[in-house]
Structure formats: structure tokens, C-alpha cells
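What follows is one structure encoded as C-alpha cells, with my remarks underneath.
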Amino acid sequence: MKINKPFNQLQKEEYLYFIENHKQYSDFNTLGLYRSLLENEQLTMEDKTEIRDFAHQYFQKTFDFLQLKDPLTYLKVVHLETELTPQEELAFWEIIRENQEEILKDKKIKHRNFGVYAKHNCGYDYCPYNGLMIKQGSNLAESCMFFKSDRNRDEKKNKVKRLAKEQRDFKNKRI
Ligand SMILES: [Zn+2]
């Protein structure tokens, strides 16, 4: 059987029904289910958290794997009902990084060979996603968000370093 309807157009009762009977539906997509919670405009926040928690009873393992496949969606679904401060978000990315290593170790995926996954590397030293494993081709693989305050801090640090180096060079020249 097929659901034949995008998840983000379902009502709460339909979600619960399809989750409970997911084995009968060949087009049931677990990751799509979780993602749709971020897009579905017919659901209240209460509906969304209820569906999420109900789905976890069936798909916790698959959901955990979302930390590798689509960490940004994972973060948003975990914090559906809460707005994170930048500090909390940074701390959460740390946890995701640790969990990613655990999952990869569990699955015996060697660090040299991540297959479709690659380390986020946008080139900014202050980027909170540095070192995060991202599925290639996903939004986070090439783009990133970072905080202005981090950048300013970084630039200040570099300026101090540069000035110190210039002073050193100047002294060396005089000797
Ligand atoms: Zn970045």
C-alpha cells in the first residue's frame, strides 16, 4: 500500500495512524516524516511534539542516525518547542559531533573512509560546524552560519598575533 500524500499535508490523526502501521506502506519514509514536522503548517506545536515523541517509540535508532545524515534537521526536531541561544546551539553541536563519532564507531565506519559523508570545512576558523560530519550535497556541506561575535573575537586574536609578530620581526632586524 502507499500513503500517496506528502507528510507535510497530513493531520495529526493520520500521522499517528501511518506511524503505527508503517510496515504496510511501501512509501513510508522515516526521515521524511521527521523533516515534515518542520514544514507542516496544519499542526500546532503540541501536535508536532506529540507526533515526534510517538514516532520515537518506533524509530529512535533511525532518528539518531539523522545526526549524520542531516544534523541540522536533527537539531531542529529535537528542539521543536524550544528556541536555543547561540551558546546553547554551540554546545549542542559539540554533543552532535561526539554522537557522530559514536555512531561511526558503532557502525565500524573507518574515519578515513566516510563514503558519502565529508567533514564540514568552509575555511573559517570560527565556524561552529568545523569537523562536523555532513552528508555530501546537503545544505550544510557547503554553506554555514556563524556568529558575528565569534568572527570579531577571531579577528581581534589575529590582530594581536600579527602585531606581536611584527614587533618580533622588527627587533630581529635591528639585531
Ligand atoms: Zn562553516
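Starting from 1 in every chain, residues are counted up; chains themselves are A, B, ... following the order of the C-alpha cells, and ligands are numbered from 1 as listed.
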Near segment 29-35 of chain A, within 9 Å and counting only C-alpha atoms, which residues show up once chain neighbours fewer than 4 positions away are dropped, as JSON, numbers by chain? {"A": [6, 7, 8, 15, 19, 22, 39, 52, 55, 59, 62, 63, 66, 73, 74, 77]}
Using C-alpha atoms, can you write the selected residues to a file as a JSON list (two decimals), in the first residue's frame?
[["chain", "number", "residue", "atom", "x", "y", "z"],
["A", 6, "PRO", "CA", 3.14, 14.14, 1.38],
["A", 7, "PHE", "CA", 3.71, 14.02, 5.13],
["A", 8, "ASN", "CA", 3.61, 17.78, 5.45],
["A", 15, "TYR", "CA", 0.42, 10.77, 11.24],
["A", 19, "ILE", "CA", 3.42, 5.61, 12.13],
["A", 22, "HIS", "CA", 4.22, 1.99, 8.76],
["A", 39, "GLU", "CA", 7.16, 22.19, 7.44],
["A", 52, "ARG", "CA", 7.64, 13.37, 17.35],
["A", 55, "ALA", "CA", 7.46, 8.37, 16.34],
["A", 59, "PHE", "CA", 12.13, 4.93, 15.05],
["A", 62, "THR", "CA", 16.78, 5.87, 12.66],
["A", 63, "PHE", "CA", 16.27, 9.25, 14.25],
["A", 66, "LEU", "CA", 19.83, 11.70, 11.40],
["A", 73, "THR", "CA", 17.15, 18.81, 10.83],
["A", 74, "TYR", "CA", 18.05, 16.64, 13.82],
["A", 77, "VAL", "CA", 13.38, 18.40, 15.53]]
Give me every alpha helix (DSSP H) residue in segment 12-121 of chain A, going by DSSP on the backbone, as a count of residues only. 70
So, counting only C-alpha atoms, which residue among A:Asn99, A:Gln57, A:Gln24, A:Thr49 is closest to Val78 of chain A?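 Nearest candidate to Val78 of chain A out of A:Asn99, A:Gln57, A:Gln24, A:Thr49: A:Thr49.
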Fewer than 2 positions away in the same chain doesn't count, so skip those; otherwise give me all residues within 12 Å of Leu90 of chain A, counting only C-alpha atoms, as a list in words.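 Everything that qualifies: Leu75, Leu84, Thr85, Pro86, Gln87, Glu88, Phe92, Trp93, Glu94, Ile95, Ile96, Arg97, Tyr126, Cys127, Pro128, Tyr129, Asn130, Leu132, Met145, Phe146, Phe147 and Asp150 of chain A.
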For the residues selected in the previous step, produce a file with N, CA and C atoms as a PDB file, in the first residue's frame.
ATOM      1  N   LEU A  75      18.801  18.680  14.852  1.00  0.00           N
ATOM      2  CA  LEU A  75      18.818  19.730  15.880  1.00  0.00           C
ATOM      3  C   LEU A  75      17.458  20.422  15.987  1.00  0.00           C
ATOM      4  N   LEU A  84      16.850  27.978  20.894  1.00  0.00           N
ATOM      5  CA  LEU A  84      18.168  27.893  21.512  1.00  0.00           C
ATOM      6  C   LEU A  84      18.886  29.241  21.454  1.00  0.00           C
ATOM      7  N   THR A  85      19.622  29.558  22.506  1.00  0.00           N
ATOM      8  CA  THR A  85      20.525  30.703  22.442  1.00  0.00           C
ATOM      9  C   THR A  85      21.744  30.261  21.641  1.00  0.00           C
ATOM     10  N   PRO A  86      22.508  31.207  21.093  1.00  0.00           N
ATOM     11  CA  PRO A  86      23.712  30.813  20.336  1.00  0.00           C
ATOM     12  C   PRO A  86      24.652  29.923  21.149  1.00  0.00           C
ATOM     13  N   GLN A  87      24.780  30.206  22.437  1.00  0.00           N
ATOM     14  CA  GLN A  87      25.662  29.380  23.278  1.00  0.00           C
ATOM     15  C   GLN A  87      25.123  27.961  23.383  1.00  0.00           C
ATOM     16  N   GLU A  88      23.799  27.847  23.566  1.00  0.00           N
ATOM     17  CA  GLU A  88      23.200  26.510  23.672  1.00  0.00           C
ATOM     18  C   GLU A  88      23.357  25.751  22.361  1.00  0.00           C
ATOM     19  N   PHE A  92      25.237  22.274  21.705  1.00  0.00           N
ATOM     20  CA  PHE A  92      24.546  21.138  21.102  1.00  0.00           C
ATOM     21  C   PHE A  92      25.328  20.576  19.918  1.00  0.00           C
ATOM     22  N   TRP A  93      25.975  21.451  19.152  1.00  0.00           N
ATOM     23  CA  TRP A  93      26.797  20.959  18.035  1.00  0.00           C
ATOM     24  C   TRP A  93      27.948  20.102  18.553  1.00  0.00           C
ATOM     25  N   GLU A  94      28.475  20.467  19.711  1.00  0.00           N
ATOM     26  CA  GLU A  94      29.530  19.655  20.337  1.00  0.00           C
ATOM     27  C   GLU A  94      29.015  18.246  20.616  1.00  0.00           C
ATOM     28  N   ILE A  95      27.807  18.184  21.180  1.00  0.00           N
ATOM     29  CA  ILE A  95      27.213  16.879  21.514  1.00  0.00           C
ATOM     30  C   ILE A  95      27.000  16.076  20.233  1.00  0.00           C
ATOM     31  N   ILE A  96      26.496  16.751  19.182  1.00  0.00           N
ATOM     32  CA  ILE A  96      26.262  16.042  17.929  1.00  0.00           C
ATOM     33  C   ILE A  96      27.570  15.488  17.384  1.00  0.00           C
ATOM     34  N   ARG A  97      28.636  16.278  17.451  1.00  0.00           N
ATOM     35  CA  ARG A  97      29.940  15.801  16.960  1.00  0.00           C
ATOM     36  C   ARG A  97      30.374  14.529  17.697  1.00  0.00           C
ATOM     37  N   TYR A 126      36.452  30.068  12.909  1.00  0.00           N
ATOM     38  CA  TYR A 126      35.489  30.238  13.990  1.00  0.00           C
ATOM     39  C   TYR A 126      34.155  29.569  13.711  1.00  0.00           C
ATOM     40  N   CYS A 127      34.051  28.812  12.609  1.00  0.00           N
ATOM     41  CA  CYS A 127      32.772  28.205  12.261  1.00  0.00           C
ATOM     42  C   CYS A 127      32.433  27.080  13.235  1.00  0.00           C
ATOM     43  N   PRO A 128      31.215  27.126  13.815  1.00  0.00           N
ATOM     44  CA  PRO A 128      30.841  26.092  14.792  1.00  0.00           C
ATOM     45  C   PRO A 128      30.676  24.708  14.174  1.00  0.00           C
ATOM     46  N   TYR A 129      30.570  24.625  12.857  1.00  0.00           N
ATOM     47  CA  TYR A 129      30.377  23.322  12.216  1.00  0.00           C
ATOM     48  C   TYR A 129      31.677  22.637  11.851  1.00  0.00           C
ATOM     49  N   ASN A 130      32.798  23.298  12.073  1.00  0.00           N
ATOM     50  CA  ASN A 130      34.077  22.686  11.709  1.00  0.00           C
ATOM     51  C   ASN A 130      34.212  21.295  12.309  1.00  0.00           C
ATOM     52  N   LEU A 132      32.366  18.786  11.762  1.00  0.00           N
ATOM     53  CA  LEU A 132      31.101  18.059  11.750  1.00  0.00           C
ATOM     54  C   LEU A 132      31.014  17.188  10.496  1.00  0.00           C
ATOM     55  N   MET A 145      26.367  28.809   8.944  1.00  0.00           N
ATOM     56  CA  MET A 145      26.027  30.028   9.664  1.00  0.00           C
ATOM     57  C   MET A 145      27.098  30.198  10.715  1.00  0.00           C
ATOM     58  N   PHE A 146      27.426  31.397  11.023  1.00  0.00           N
ATOM     59  CA  PHE A 146      28.296  31.588  12.160  1.00  0.00           C
ATOM     60  C   PHE A 146      27.912  32.881  12.827  1.00  0.00           C
ATOM     61  N   PHE A 147      28.473  33.095  13.993  1.00  0.00           N
ATOM     62  CA  PHE A 147      28.046  34.249  14.775  1.00  0.00           C
ATOM     63  C   PHE A 147      29.041  35.378  14.619  1.00  0.00           C
ATOM     64  N   ASP A 150      31.762  35.684  17.167  1.00  0.00           N
ATOM     65  CA  ASP A 150      32.894  34.763  17.009  1.00  0.00           C
ATOM     66  C   ASP A 150      33.915  35.362  16.068  1.00  0.00           C
TER      67      ASP A 150
END
One decimal, in Å: what's the spacing between atom CA of Met133 of chain A and atom CA of Phe65 of chain A? 11.7 Å
